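With PDB, C-alpha atoms, pLDDT in the B column inside, this is model-v5.pdb:
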```
ATOM      1  CA  MET A   1      88.960  80.675 107.161  1.00 56.00           C
ATOM      2  CA  ARG A   2      89.789  83.003 110.052  1.00 71.00           C
ATOM      3  CA  PHE A   3      89.548  86.765 109.841  1.00 80.00           C
ATOM      4  CA  MET A   4      92.926  88.485 110.073  1.00 86.00           C
ATOM      5  CA  LYS A   5      92.892  91.861 111.850  1.00 91.00           C
ATOM      6  CA  SER A   6      94.380  94.652 109.805  1.00 95.00           C
ATOM      7  CA  PRO A   7      94.465  98.442 110.143  1.00 95.00           C
ATOM      8  CA  CYS A   8      94.296  98.831 106.348  1.00 95.00           C
ATOM      9  CA  ILE A   9      91.656 101.296 105.135  1.00 93.00           C
ATOM     10  CA  ASN A  10      92.549 100.965 101.428  1.00 93.00           C
ATOM     11  CA  ILE A  11      94.276 104.338 101.293  1.00 88.00           C
ATOM     12  CA  CYS A  12      97.816 103.332 100.447  1.00 89.00           C
ATOM     13  CA  GLN A  13     100.343 106.125 100.195  1.00 90.00           C
ATOM     14  CA  ILE A  14     103.706 106.250 101.930  1.00 91.00           C
ATOM     15  CA  ASP A  15     104.631 109.524 103.609  1.00 89.00           C
ATOM     16  CA  ALA A  16     108.191 110.424 102.548  1.00 86.00           C
ATOM     17  CA  LYS A  17     109.131 111.992 105.895  1.00 86.00           C
ATOM     18  CA  SER A  18     107.902 109.310 108.280  1.00 88.00           C
ATOM     19  CA  GLY A  19     107.995 106.261 106.005  1.00 92.00           C
ATOM     20  CA  LEU A  20     104.493 105.372 107.195  1.00 93.00           C
ATOM     21  CA  CYS A  21     101.376 104.689 105.152  1.00 93.00           C
ATOM     22  CA  THR A  22      99.035 107.669 105.411  1.00 90.00           C
ATOM     23  CA  GLY A  23      96.062 105.316 105.716  1.00 92.00           C
ATOM     24  CA  CYS A  24      97.119 102.672 108.245  1.00 95.00           C
ATOM     25  CA  LEU A  25     100.350 104.117 109.729  1.00 96.00           C
ATOM     26  CA  ARG A  26     102.350 100.946 109.025  1.00 97.00           C
ATOM     27  CA  THR A  27     105.769 100.800 107.378  1.00 96.00           C
ATOM     28  CA  LEU A  28     106.250  99.181 103.976  1.00 96.00           C
ATOM     29  CA  ASP A  29     107.954  96.217 105.676  1.00 97.00           C
ATOM     30  CA  GLU A  30     105.020  95.769 108.045  1.00 98.00           C
ATOM     31  CA  ILE A  31     102.522  95.937 105.191  1.00 97.00           C
ATOM     32  CA  ALA A  32     104.475  93.443 103.067  1.00 97.00           C
ATOM     33  CA  SER A  33     104.996  91.004 105.948  1.00 97.00           C
ATOM     34  CA  TRP A  34     101.583  91.365 107.618  1.00 97.00           C
ATOM     35  CA  ALA A  35     100.181  87.992 106.506  1.00 95.00           C
ATOM     36  CA  SER A  36     103.304  86.137 107.642  1.00 97.00           C
ATOM     37  CA  TYR A  37     103.403  87.728 111.099  1.00 97.00           C
ATOM     38  CA  SER A  38     102.050  85.797 114.069  1.00 96.00           C
ATOM     39  CA  GLU A  39      98.806  87.017 115.583  1.00 95.00           C
ATOM     40  CA  ALA A  40     100.810  88.224 118.593  1.00 96.00           C
ATOM     41  CA  LYS A  41     103.125  90.291 116.352  1.00 97.00           C
ATOM     42  CA  ARG A  42     100.144  91.812 114.491  1.00 97.00           C
ATOM     43  CA  ASN A  43      98.472  92.681 117.818  1.00 96.00           C
ATOM     44  CA  GLN A  44     101.705  94.298 119.025  1.00 97.00           C
ATOM     45  CA  ILE A  45     101.875  96.507 115.925  1.00 97.00           C
ATOM     46  CA  LEU A  46      98.169  97.368 116.174  1.00 97.00           C
ATOM     47  CA  ALA A  47      98.730  98.515 119.765  1.00 97.00           C
ATOM     48  CA  GLU A  48     101.688 100.683 118.690  1.00 96.00           C
ATOM     49  CA  LEU A  49      99.794 102.504 115.918  1.00 95.00           C
ATOM     50  CA  ALA A  50      98.111 104.985 118.285  1.00 91.00           C
ATOM     51  CA  ASN A  51     101.535 106.239 119.361  1.00 94.00           C
ATOM     52  CA  ARG A  52     102.965 106.690 115.869  1.00 92.00           C
ATOM     53  CA  PRO A  53     103.351 110.171 114.398  1.00 87.00           C
ATOM     54  CA  GLN A  54     100.646 111.291 112.064  1.00 82.00           C
ATOM     55  CA  PRO A  55     101.808 111.595 108.446  1.00 75.00           C
ATOM     56  CA  THR A  56     102.451 115.019 107.004  1.00 70.00           C
ATOM     57  CA  ILE A  57     100.078 114.274 104.102  1.00 66.00           C
ATOM     58  CA  PRO A  58      96.460 113.556 105.081  1.00 62.00           C
ATOM     59  CA  PRO A  59      95.074 110.184 103.896  1.00 61.00           C
ATOM     60  CA  GLY A  60      94.093 110.183 100.246  1.00 61.00           C
ATOM     61  CA  VAL A  61      95.776 113.499  99.363  1.00 63.00           C
ATOM     62  CA  ARG A  62      98.414 113.322  96.666  1.00 60.00           C
ATOM     63  CA  GLY A  63     101.567 115.200  97.515  1.00 53.00           C
TER      64      GLY A  63
END
```

How does this structure look as structure tokens?
Amino acid sequence: MRFMKSPCINICQIDAKSGLCTGCLRTLDEIASWASYSEAKRNQILAELANRPQPTIPPGVRG
């Protein structure tokens, strides 16, 4: 079994303003489809995460 890279840090909460997870900065669609994406697609998203806006709610804080 191969290890699949993932930005998940097990803090799963979607920010209402940005639509991004406060833990990993992915969208719900990206999270749901992650396992079915090609390695190239996952690497593309991982590279984009640094440029995504930070959520308005810090990770783990309930709004």

Residues of stretch 19-53 of chain A that have any atom at most 10 Å from an atom of stretch 4-9 of chain A: could you tabulate them with the shortest-distance atom pair and the distance in Å to one decimal, using only C-alpha atoms, ordered by chain and increasing number, as CSV?
```
residue,atom,partner,partner_atom,distance
A:Cys21,CA,A:Cys8,CA,9.3
A:Thr22,CA,A:Ile9,CA,9.8
A:Gly23,CA,A:Ile9,CA,6.0
A:Cys24,CA,A:Cys8,CA,5.1
A:Leu25,CA,A:Pro7,CA,8.2
A:Arg26,CA,A:Pro7,CA,8.3
A:Ile31,CA,A:Cys8,CA,8.8
A:Trp34,CA,A:Ser6,CA,8.2
A:Ala35,CA,A:Met4,CA,8.1
A:Glu39,CA,A:Met4,CA,8.2
A:Arg42,CA,A:Lys5,CA,7.7
A:Asn43,CA,A:Lys5,CA,8.2
A:Ile45,CA,A:Pro7,CA,9.6
A:Leu46,CA,A:Pro7,CA,7.2
A:Leu49,CA,A:Pro7,CA,8.8
```

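The interatomic distance for the pair atom CA of A:Ser18 and atom CA of A:Thr56 works out to 8.0 Å.
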
(message) as a list in words, please: the residues near A:Leu20 (cut-off 10 Å, only C-alpha atoms, same-chain neighbours under 5 positions excluded).
(response)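 Using only C-alpha atoms, the neighbours found are Cys12, Gln13, Ile14, Asp15, Leu25, Arg26, Thr27, Leu28, Asp29, Glu30, Ile31, Arg52, Pro53, Gln54, Pro55 and Thr56 of chain A.
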
To test the calculation: enclose all listed atoms of stretch 9-13 of chain A in a box whose edges run along x, y and z, add 4 Å on each side, then state centre and edge lengths in Å to one decimal, as AutoDock Vina command-line options.
```
--center_x 96.0 --center_y 103.5 --center_z 102.7 --size_x 16.7 --size_y 13.2 --size_z 12.9
```

Student task, stretch 8-19 of chain A output with all heavy atoms as a tab-separated table (two decimals), in the first residue's frame:
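Result written to decode.tsv:
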```
chain	number	residue	atom	x	y	z
A	8	CYS	N	-4.48	17.07	5.40
A	8	CYS	CA	-5.41	16.94	6.52
A	8	CYS	C	-4.66	16.89	7.85
A	8	CYS	O	-3.67	16.17	7.99
A	8	CYS	CB	-6.24	15.68	6.37
A	8	CYS	SG	-7.44	15.46	7.70
A	9	ILE	N	-5.15	17.69	8.82
A	9	ILE	CA	-4.58	17.67	10.16
A	9	ILE	C	-5.64	17.29	11.19
A	9	ILE	O	-5.50	17.56	12.37
A	9	ILE	CB	-3.90	19.02	10.52
A	9	ILE	CG1	-4.91	20.17	10.45
A	9	ILE	CG2	-2.70	19.28	9.63
A	9	ILE	CD1	-4.38	21.50	11.00
A	10	ASN	N	-6.72	16.69	10.71
A	10	ASN	CA	-7.82	16.20	11.56
A	10	ASN	C	-8.52	17.31	12.34
A	10	ASN	O	-9.01	17.09	13.44
A	10	ASN	CB	-7.34	15.09	12.50
A	10	ASN	CG	-6.94	13.86	11.72
A	10	ASN	OD1	-7.62	13.46	10.77
A	10	ASN	ND2	-5.84	13.25	12.10
A	11	ILE	N	-8.53	18.49	11.78
A	11	ILE	CA	-9.33	19.60	12.30
A	11	ILE	C	-10.25	19.99	11.15
A	11	ILE	O	-9.84	20.70	10.24
A	11	ILE	CB	-8.47	20.80	12.75
A	11	ILE	CG1	-7.55	20.38	13.89
A	11	ILE	CG2	-9.35	21.98	13.15
A	11	ILE	CD1	-6.57	21.45	14.32
A	12	CYS	N	-11.45	19.46	11.18
A	12	CYS	CA	-12.35	19.59	10.03
A	12	CYS	C	-13.52	20.52	10.35
A	12	CYS	O	-14.43	20.14	11.07
A	12	CYS	CB	-12.86	18.21	9.61
A	12	CYS	SG	-11.53	17.04	9.30
A	13	GLN	N	-13.41	21.72	9.84
A	13	GLN	CA	-14.46	22.72	10.02
A	13	GLN	C	-14.42	23.64	8.82
A	13	GLN	O	-13.36	24.19	8.50
A	13	GLN	CB	-14.22	23.50	11.31
A	13	GLN	CG	-15.28	24.54	11.60
A	13	GLN	CD	-14.99	25.29	12.88
A	13	GLN	OE1	-14.01	25.03	13.57
A	13	GLN	NE2	-15.83	26.23	13.21
A	14	ILE	N	-15.55	23.82	8.16
A	14	ILE	CA	-15.58	24.65	6.97
A	14	ILE	C	-15.90	26.09	7.35
A	14	ILE	O	-16.87	26.37	8.04
A	14	ILE	CB	-16.63	24.13	5.95
A	14	ILE	CG1	-16.30	22.70	5.54
A	14	ILE	CG2	-16.72	25.04	4.74
A	14	ILE	CD1	-14.95	22.52	4.87
A	15	ASP	N	-15.05	27.00	6.89
A	15	ASP	CA	-15.23	28.42	7.11
A	15	ASP	C	-16.34	28.91	6.18
A	15	ASP	O	-16.26	28.71	4.96
A	15	ASP	CB	-13.92	29.15	6.82
A	15	ASP	CG	-14.05	30.65	6.93
A	15	ASP	OD1	-14.31	31.14	8.05
A	15	ASP	OD2	-13.89	31.33	5.90
A	16	ALA	N	-17.37	29.53	6.73
A	16	ALA	CA	-18.53	29.96	5.94
A	16	ALA	C	-18.17	31.00	4.89
A	16	ALA	O	-18.74	31.00	3.80
A	16	ALA	CB	-19.62	30.50	6.87
A	17	LYS	N	-17.24	31.89	5.19
A	17	LYS	CA	-16.89	32.95	4.24
A	17	LYS	C	-16.09	32.43	3.05
A	17	LYS	O	-16.39	32.74	1.90
A	17	LYS	CB	-16.11	34.06	4.93
A	17	LYS	CG	-16.95	34.96	5.78
A	17	LYS	CD	-16.14	36.13	6.27
A	17	LYS	CE	-17.00	37.06	7.10
A	17	LYS	NZ	-16.25	38.22	7.57
A	18	SER	N	-15.06	31.65	3.32
A	18	SER	CA	-14.17	31.21	2.25
A	18	SER	C	-14.58	29.87	1.63
A	18	SER	O	-14.19	29.57	0.51
A	18	SER	CB	-12.74	31.10	2.78
A	18	SER	OG	-12.63	30.03	3.70
A	19	GLY	N	-15.32	29.07	2.38
A	19	GLY	CA	-15.68	27.73	1.92
A	19	GLY	C	-14.53	26.74	2.06
A	19	GLY	O	-14.58	25.64	1.52
```
